[in-house]
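What follows is the content of input16.pdb (PDB, N, CA and C atoms, pLDDT in the B column).
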ATOM      1  N   MET A  10     121.706  70.584 178.306  1.00 71.00           N
ATOM      2  CA  MET A  10     121.579  69.151 178.255  1.00 71.00           C
ATOM      3  C   MET A  10     122.083  68.653 176.895  1.00 71.00           C
ATOM      4  N   PHE A  11     122.779  67.551 176.895  1.00 68.00           N
ATOM      5  CA  PHE A  11     123.331  66.953 175.684  1.00 68.00           C
ATOM      6  C   PHE A  11     122.216  66.380 174.817  1.00 68.00           C
ATOM      7  N   ASN A  12     122.208  66.745 173.530  1.00 74.00           N
ATOM      8  CA  ASN A  12     121.192  66.256 172.597  1.00 74.00           C
ATOM      9  C   ASN A  12     121.805  65.145 171.750  1.00 74.00           C
ATOM     10  N   TYR A  13     121.587  63.909 172.169  1.00 68.00           N
ATOM     11  CA  TYR A  13     122.190  62.763 171.502  1.00 68.00           C
ATOM     12  C   TYR A  13     121.745  62.638 170.049  1.00 68.00           C
ATOM     13  N   ASN A  14     120.473  62.861 169.754  1.00 70.00           N
ATOM     14  CA  ASN A  14     119.968  62.749 168.372  1.00 70.00           C
ATOM     15  C   ASN A  14     120.631  63.773 167.457  1.00 70.00           C
ATOM     16  N   ALA A  15     120.789  65.005 167.929  1.00 68.00           N
ATOM     17  CA  ALA A  15     121.449  66.037 167.126  1.00 68.00           C
ATOM     18  C   ALA A  15     122.912  65.679 166.919  1.00 68.00           C
ATOM     19  N   TYR A  16     123.543  65.140 167.952  1.00 62.00           N
ATOM     20  CA  TYR A  16     124.957  64.733 167.839  1.00 62.00           C
ATOM     21  C   TYR A  16     125.124  63.646 166.784  1.00 62.00           C
ATOM     22  N   CYS A  17     124.283  62.648 166.810  1.00 64.00           N
ATOM     23  CA  CYS A  17     124.384  61.545 165.848  1.00 64.00           C
ATOM     24  C   CYS A  17     124.147  62.031 164.426  1.00 64.00           C
ATOM     25  N   LYS A  18     123.178  62.917 164.244  1.00 65.00           N
ATOM     26  CA  LYS A  18     122.911  63.461 162.910  1.00 65.00           C
ATOM     27  C   LYS A  18     124.117  64.244 162.409  1.00 65.00           C
ATOM     28  N   GLU A  19     124.661  65.110 163.265  1.00 64.00           N
ATOM     29  CA  GLU A  19     125.808  65.933 162.887  1.00 64.00           C
ATOM     30  C   GLU A  19     127.043  65.068 162.642  1.00 64.00           C
ATOM     31  N   LYS A  20     127.209  64.025 163.404  1.00 67.00           N
ATOM     32  CA  LYS A  20     128.357  63.133 163.279  1.00 67.00           C
ATOM     33  C   LYS A  20     128.396  62.457 161.904  1.00 67.00           C
ATOM     34  N   ASN A  21     127.238  62.250 161.293  1.00 70.00           N
ATOM     35  CA  ASN A  21     127.152  61.570 160.006  1.00 70.00           C
ATOM     36  C   ASN A  21     127.225  62.523 158.814  1.00 70.00           C
ATOM     37  N   GLU A  22     127.454  63.798 159.058  1.00 75.00           N
ATOM     38  CA  GLU A  22     127.564  64.776 157.984  1.00 75.00           C
ATOM     39  C   GLU A  22     129.029  65.153 157.777  1.00 75.00           C
ATOM     40  N   PHE A  23     129.365  65.505 156.541  1.00 77.00           N
ATOM     41  CA  PHE A  23     130.713  65.964 156.247  1.00 77.00           C
ATOM     42  C   PHE A  23     130.872  67.408 156.707  1.00 77.00           C
ATOM     43  N   SER A  24     132.086  67.775 157.099  1.00 85.00           N
ATOM     44  CA  SER A  24     132.314  69.135 157.589  1.00 85.00           C
ATOM     45  C   SER A  24     132.480  70.146 156.451  1.00 85.00           C
ATOM     46  N   ILE A  25     132.830  69.677 155.246  1.00 90.00           N
ATOM     47  CA  ILE A  25     132.910  70.568 154.086  1.00 90.00           C
ATOM     48  C   ILE A  25     132.162  69.928 152.924  1.00 90.00           C
ATOM     49  N   SER A  26     131.715  70.762 152.007  1.00 91.00           N
ATOM     50  CA  SER A  26     130.981  70.262 150.841  1.00 91.00           C
ATOM     51  C   SER A  26     131.950  69.703 149.802  1.00 91.00           C
ATOM     52  N   ASP A  27     131.402  68.981 148.844  1.00 92.00           N
ATOM     53  CA  ASP A  27     132.221  68.463 147.735  1.00 92.00           C
ATOM     54  C   ASP A  27     132.868  69.615 146.973  1.00 92.00           C
ATOM     55  N   GLU A  28     132.123  70.699 146.751  1.00 94.00           N
ATOM     56  CA  GLU A  28     132.659  71.854 146.022  1.00 94.00           C
ATOM     57  C   GLU A  28     133.829  72.484 146.780  1.00 94.00           C
ATOM     58  N   THR A  29     133.717  72.603 148.089  1.00 95.00           N
ATOM     59  CA  THR A  29     134.810  73.161 148.886  1.00 95.00           C
ATOM     60  C   THR A  29     136.031  72.251 148.826  1.00 95.00           C
ATOM     61  N   ALA A  30     135.809  70.944 148.860  1.00 95.00           N
ATOM     62  CA  ALA A  30     136.920  69.993 148.753  1.00 95.00           C
ATOM     63  C   ALA A  30     137.632  70.153 147.414  1.00 95.00           C
ATOM     64  N   LEU A  31     136.869  70.342 146.343  1.00 97.00           N
ATOM     65  CA  LEU A  31     137.478  70.546 145.023  1.00 97.00           C
ATOM     66  C   LEU A  31     138.238  71.873 144.968  1.00 97.00           C
ATOM     67  N   GLN A  32     137.702  72.917 145.600  1.00 97.00           N
ATOM     68  CA  GLN A  32     138.414  74.200 145.654  1.00 97.00           C
ATOM     69  C   GLN A  32     139.731  74.048 146.395  1.00 97.00           C
ATOM     70  N   LEU A  33     139.724  73.292 147.485  1.00 97.00           N
ATOM     71  CA  LEU A  33     140.954  73.052 148.243  1.00 97.00           C
ATOM     72  C   LEU A  33     141.966  72.254 147.417  1.00 97.00           C
ATOM     73  N   LEU A  34     141.479  71.294 146.666  1.00 97.00           N
ATOM     74  CA  LEU A  34     142.360  70.519 145.788  1.00 97.00           C
ATOM     75  C   LEU A  34     143.016  71.419 144.748  1.00 97.00           C
ATOM     76  N   ARG A  35     142.218  72.269 144.092  1.00 97.00           N
ATOM     77  CA  ARG A  35     142.775  73.172 143.079  1.00 97.00           C
ATOM     78  C   ARG A  35     143.778  74.145 143.697  1.00 97.00           C
ATOM     79  N   LEU A  36     143.452  74.675 144.863  1.00 97.00           N
ATOM     80  CA  LEU A  36     144.352  75.605 145.547  1.00 97.00           C
ATOM     81  C   LEU A  36     145.658  74.917 145.925  1.00 97.00           C
ATOM     82  N   THR A  37     145.567  73.710 146.441  1.00 97.00           N
ATOM     83  CA  THR A  37     146.771  72.954 146.818  1.00 97.00           C
ATOM     84  C   THR A  37     147.641  72.689 145.593  1.00 97.00           C
ATOM     85  N   LYS A  38     147.035  72.310 144.493  1.00 97.00           N
ATOM     86  CA  LYS A  38     147.798  72.061 143.258  1.00 97.00           C
ATOM     87  C   LYS A  38     148.490  73.337 142.775  1.00 97.00           C
ATOM     88  N   GLN A  39     147.830  74.484 142.888  1.00 97.00           N
ATOM     89  CA  GLN A  39     148.454  75.756 142.501  1.00 97.00           C
ATOM     90  C   GLN A  39     149.655  76.061 143.385  1.00 97.00           C
ATOM     91  N   VAL A  40     149.511  75.835 144.679  1.00 97.00           N
ATOM     92  CA  VAL A  40     150.615  76.086 145.614  1.00 97.00           C
ATOM     93  C   VAL A  40     151.775  75.130 145.313  1.00 97.00           C
ATOM     94  N   GLU A  41     151.473  73.870 145.053  1.00 97.00           N
ATOM     95  CA  GLU A  41     152.520  72.894 144.739  1.00 97.00           C
ATOM     96  C   GLU A  41     153.252  73.264 143.447  1.00 97.00           C
ATOM     97  N   GLN A  42     152.519  73.748 142.477  1.00 98.00           N
ATOM     98  CA  GLN A  42     153.153  74.161 141.231  1.00 98.00           C
ATOM     99  C   GLN A  42     154.078  75.353 141.478  1.00 98.00           C
ATOM    100  N   TYR A  43     153.648  76.283 142.296  1.00 97.00           N
ATOM    101  CA  TYR A  43     154.463  77.449 142.624  1.00 97.00           C
ATOM    102  C   TYR A  43     155.709  77.050 143.421  1.00 97.00           C
ATOM    103  N   CYS A  44     155.531  76.196 144.417  1.00 96.00           N
ATOM    104  CA  CYS A  44     156.645  75.806 145.298  1.00 96.00           C
ATOM    105  C   CYS A  44     157.556  74.750 144.675  1.00 96.00           C
ATOM    106  N   GLN A  45     157.052  74.004 143.702  1.00 97.00           N
ATOM    107  CA  GLN A  45     157.809  72.936 143.048  1.00 97.00           C
ATOM    108  C   GLN A  45     158.038  71.718 143.952  1.00 97.00           C
ATOM    109  N   TYR A  46     157.167  71.522 144.936  1.00 96.00           N
ATOM    110  CA  TYR A  46     157.205  70.322 145.777  1.00 96.00           C
ATOM    111  C   TYR A  46     155.827  70.096 146.392  1.00 96.00           C
ATOM    112  N   ALA A  47     155.619  68.863 146.857  1.00 97.00           N
ATOM    113  CA  ALA A  47     154.345  68.515 147.498  1.00 97.00           C
ATOM    114  C   ALA A  47     154.207  69.274 148.813  1.00 97.00           C
ATOM    115  N   VAL A  48     152.994  69.744 149.101  1.00 97.00           N
ATOM    116  CA  VAL A  48     152.777  70.546 150.304  1.00 97.00           C
ATOM    117  C   VAL A  48     151.656  69.981 151.165  1.00 97.00           C
ATOM    118  N   ASP A  49     151.744  70.317 152.426  1.00 96.00           N
ATOM    119  CA  ASP A  49     150.694  70.074 153.404  1.00 96.00           C
ATOM    120  C   ASP A  49     150.152  71.448 153.750  1.00 96.00           C
ATOM    121  N   ILE A  50     148.845  71.645 153.619  1.00 96.00           N
ATOM    122  CA  ILE A  50     148.299  72.974 153.890  1.00 96.00           C
ATOM    123  C   ILE A  50     147.445  72.966 155.150  1.00 96.00           C
ATOM    124  N   GLU A  51     147.424  74.103 155.797  1.00 97.00           N
ATOM    125  CA  GLU A  51     146.533  74.349 156.923  1.00 97.00           C
ATOM    126  C   GLU A  51     145.638  75.494 156.473  1.00 97.00           C
ATOM    127  N   PHE A  52     144.330  75.334 156.656  1.00 96.00           N
ATOM    128  CA  PHE A  52     143.402  76.323 156.129  1.00 96.00           C
ATOM    129  C   PHE A  52     142.267  76.582 157.110  1.00 96.00           C
ATOM    130  N   ALA A  53     141.571  77.675 156.846  1.00 96.00           N
ATOM    131  CA  ALA A  53     140.353  78.002 157.581  1.00 96.00           C
ATOM    132  C   ALA A  53     139.318  78.456 156.563  1.00 96.00           C
ATOM    133  N   ILE A  54     138.065  78.294 156.904  1.00 95.00           N
ATOM    134  CA  ILE A  54     136.979  78.740 156.042  1.00 95.00           C
ATOM    135  C   ILE A  54     136.067  79.638 156.871  1.00 95.00           C
ATOM    136  N   LYS A  55     135.812  80.825 156.333  1.00 94.00           N
ATOM    137  CA  LYS A  55     134.885  81.746 156.987  1.00 94.00           C
ATOM    138  C   LYS A  55     134.082  82.451 155.905  1.00 94.00           C
ATOM    139  N   ASN A  56     132.788  82.467 156.076  1.00 92.00           N
ATOM    140  CA  ASN A  56     131.889  83.095 155.106  1.00 92.00           C
ATOM    141  C   ASN A  56     132.163  82.607 153.682  1.00 92.00           C
ATOM    142  N   LYS A  57     132.380  81.309 153.554  1.00 89.00           N
ATOM    143  CA  LYS A  57     132.617  80.644 152.266  1.00 89.00           C
ATOM    144  C   LYS A  57     133.918  81.052 151.585  1.00 89.00           C
ATOM    145  N   HIS A  58     134.836  81.686 152.307  1.00 94.00           N
ATOM    146  CA  HIS A  58     136.153  82.043 151.784  1.00 94.00           C
ATOM    147  C   HIS A  58     137.186  81.136 152.429  1.00 94.00           C
ATOM    148  N   ILE A  59     138.107  80.629 151.601  1.00 96.00           N
ATOM    149  CA  ILE A  59     139.181  79.766 152.094  1.00 96.00           C
ATOM    150  C   ILE A  59     140.408  80.630 152.359  1.00 96.00           C
ATOM    151  N   TYR A  60     140.975  80.472 153.539  1.00 97.00           N
ATOM    152  CA  TYR A  60     142.185  81.201 153.920  1.00 97.00           C
ATOM    153  C   TYR A  60     143.300  80.192 154.175  1.00 97.00           C
ATOM    154  N   LEU A  61     144.417  80.359 153.496  1.00 96.00           N
ATOM    155  CA  LEU A  61     145.584  79.529 153.781  1.00 96.00           C
ATOM    156  C   LEU A  61     146.268  80.078 155.020  1.00 96.00           C
ATOM    157  N   LEU A  62     146.441  79.245 156.018  1.00 97.00           N
ATOM    158  CA  LEU A  62     147.081  79.668 157.255  1.00 97.00           C
ATOM    159  C   LEU A  62     148.556  79.298 157.270  1.00 97.00           C
ATOM    160  N   GLN A  63     148.861  78.128 156.692  1.00 97.00           N
ATOM    161  CA  GLN A  63     150.244  77.666 156.699  1.00 97.00           C
ATOM    162  C   GLN A  63     150.439  76.680 155.554  1.00 97.00           C
ATOM    163  N   VAL A  64     151.605  76.726 154.957  1.00 97.00           N
ATOM    164  CA  VAL A  64     151.986  75.770 153.906  1.00 97.00           C
ATOM    165  C   VAL A  64     153.365  75.263 154.259  1.00 97.00           C
ATOM    166  N   ARG A  65     153.525  73.941 154.238  1.00 96.00           N
ATOM    167  CA  ARG A  65     154.830  73.364 154.533  1.00 96.00           C
ATOM    168  C   ARG A  65     155.061  72.150 153.637  1.00 96.00           C
ATOM    169  N   PRO A  66     156.323  71.804 153.389  1.00 97.00           N
ATOM    170  CA  PRO A  66     156.605  70.642 152.548  1.00 97.00           C
ATOM    171  C   PRO A  66     156.143  69.349 153.227  1.00 97.00           C
ATOM    172  N   VAL A  67     155.695  68.418 152.418  1.00 94.00           N
ATOM    173  CA  VAL A  67     155.370  67.086 152.929  1.00 94.00           C
ATOM    174  C   VAL A  67     156.692  66.403 153.233  1.00 94.00           C
ATOM    175  N   THR A  68     156.803  65.817 154.423  1.00 88.00           N
ATOM    176  CA  THR A  68     158.078  65.242 154.836  1.00 88.00           C
ATOM    177  C   THR A  68     158.064  63.730 154.941  1.00 88.00           C
ATOM    178  N   THR A  69     156.911  63.098 154.737  1.00 80.00           N
ATOM    179  CA  THR A  69     156.873  61.622 154.817  1.00 80.00           C
ATOM    180  C   THR A  69     156.335  61.025 153.554  1.00 80.00           C
TER     181      THR A  69
END
Give the structure from the file, written as structure tokens.
Amino acid sequence: MFNYNAYCKEKNEFSISDETALQLLRLTKQVEQYCQYAVDIEFAIKNKHIYLLQVRPVTT
């Protein structure tokens, strides 16, 4: 059965913490410095480890 109260509570929470967002920012900046251009990253997080899945140049 669908739990509407749990859904609403979860909907109002962020999917990543502020610290994880800052780690992603630092990682993206390192990749951009290495590549010498702005990048769009695709990532996954498992057991508090960030994995880069794909890096591509920003095109717009």
### Query
Any idea what the distance is between CA of Asn56 in chain A and CA of Gln39 in chain A?
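Taking CA of Asn56 in chain A and CA of Gln39 in chain A, their separation equals 22.1 Å.
If you apply the PyMOL selection byres ((chain A and resi 61) around 5) to this structure, you end up with Glu51, Phe52, Ile59, Tyr60, Leu62 and Gln63 of chain A.
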Can you spit out the residues from that selection as a PDB file, in the frame of the given file, using N, CA and C atoms?
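Generated output (result_28.pdb):
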ATOM      1  N   GLU A  51     147.424  74.103 155.797  1.00 97.00           N
ATOM      2  CA  GLU A  51     146.533  74.349 156.923  1.00 97.00           C
ATOM      3  C   GLU A  51     145.638  75.494 156.473  1.00 97.00           C
ATOM      4  N   PHE A  52     144.330  75.334 156.656  1.00 96.00           N
ATOM      5  CA  PHE A  52     143.402  76.323 156.129  1.00 96.00           C
ATOM      6  C   PHE A  52     142.267  76.582 157.110  1.00 96.00           C
ATOM      7  N   ILE A  59     138.107  80.629 151.601  1.00 96.00           N
ATOM      8  CA  ILE A  59     139.181  79.766 152.094  1.00 96.00           C
ATOM      9  C   ILE A  59     140.408  80.630 152.359  1.00 96.00           C
ATOM     10  N   TYR A  60     140.975  80.472 153.539  1.00 97.00           N
ATOM     11  CA  TYR A  60     142.185  81.201 153.920  1.00 97.00           C
ATOM     12  C   TYR A  60     143.300  80.192 154.175  1.00 97.00           C
ATOM     13  N   LEU A  62     146.441  79.245 156.018  1.00 97.00           N
ATOM     14  CA  LEU A  62     147.081  79.668 157.255  1.00 97.00           C
ATOM     15  C   LEU A  62     148.556  79.298 157.270  1.00 97.00           C
ATOM     16  N   GLN A  63     148.861  78.128 156.692  1.00 97.00           N
ATOM     17  CA  GLN A  63     150.244  77.666 156.699  1.00 97.00           C
ATOM     18  C   GLN A  63     150.439  76.680 155.554  1.00 97.00           C
TER      19      GLN A  63
END
#### Entry: Every residue of chain A that DSSP places in alpha helix (DSSP H), as a ChimeraX atom specification
/A:13-20,27-44
### Query
Hey, what does DSSP flag as strand (DSSP E) within chain A? Can you give it to me as a PyMOL selection string?
chain A and resi 48-55+58-66
### Task
Just give me the gap between atom N of Arg65 in chain A and atom N of Tyr46 in chain A in Å, one decimal is fine.
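Separation of atom N of Arg65 in chain A and atom N of Tyr46 in chain A: 10.3 Å.
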### Query
How many Å separate CA of Ala53 in chain A from CA of Thr69 in chain A?
23.4 Å
### Message
Could you check the closest approach to Ile50 in chain A for each of A:Met10, A:Val64, A:Leu36, A:Leu31 and tell me which residue wins, using only N, CA and C atoms?
### Response
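Among the listed residues, A:Val64 lies closest to Ile50 in chain A.
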### Message
Given only C-alpha atoms as the basis, pick out the residue of A:His58, A:Thr68, A:Asn12, A:Gln42 nearest to Thr29 in chain A.
### Response
A:His58
#### Entry: Hits from the PyMOL selection byres (((chain A and resi 48 and name CA) around 6) and name CA), listed as a PyMOL selection string
chain A and resi 47+49+65-67
### Query
Nearest to Ile54 in chain A: which of A:Arg35, A:Ser26, A:Asn14, A:Val40 is it, counting only C-alpha atoms?
A:Ser26
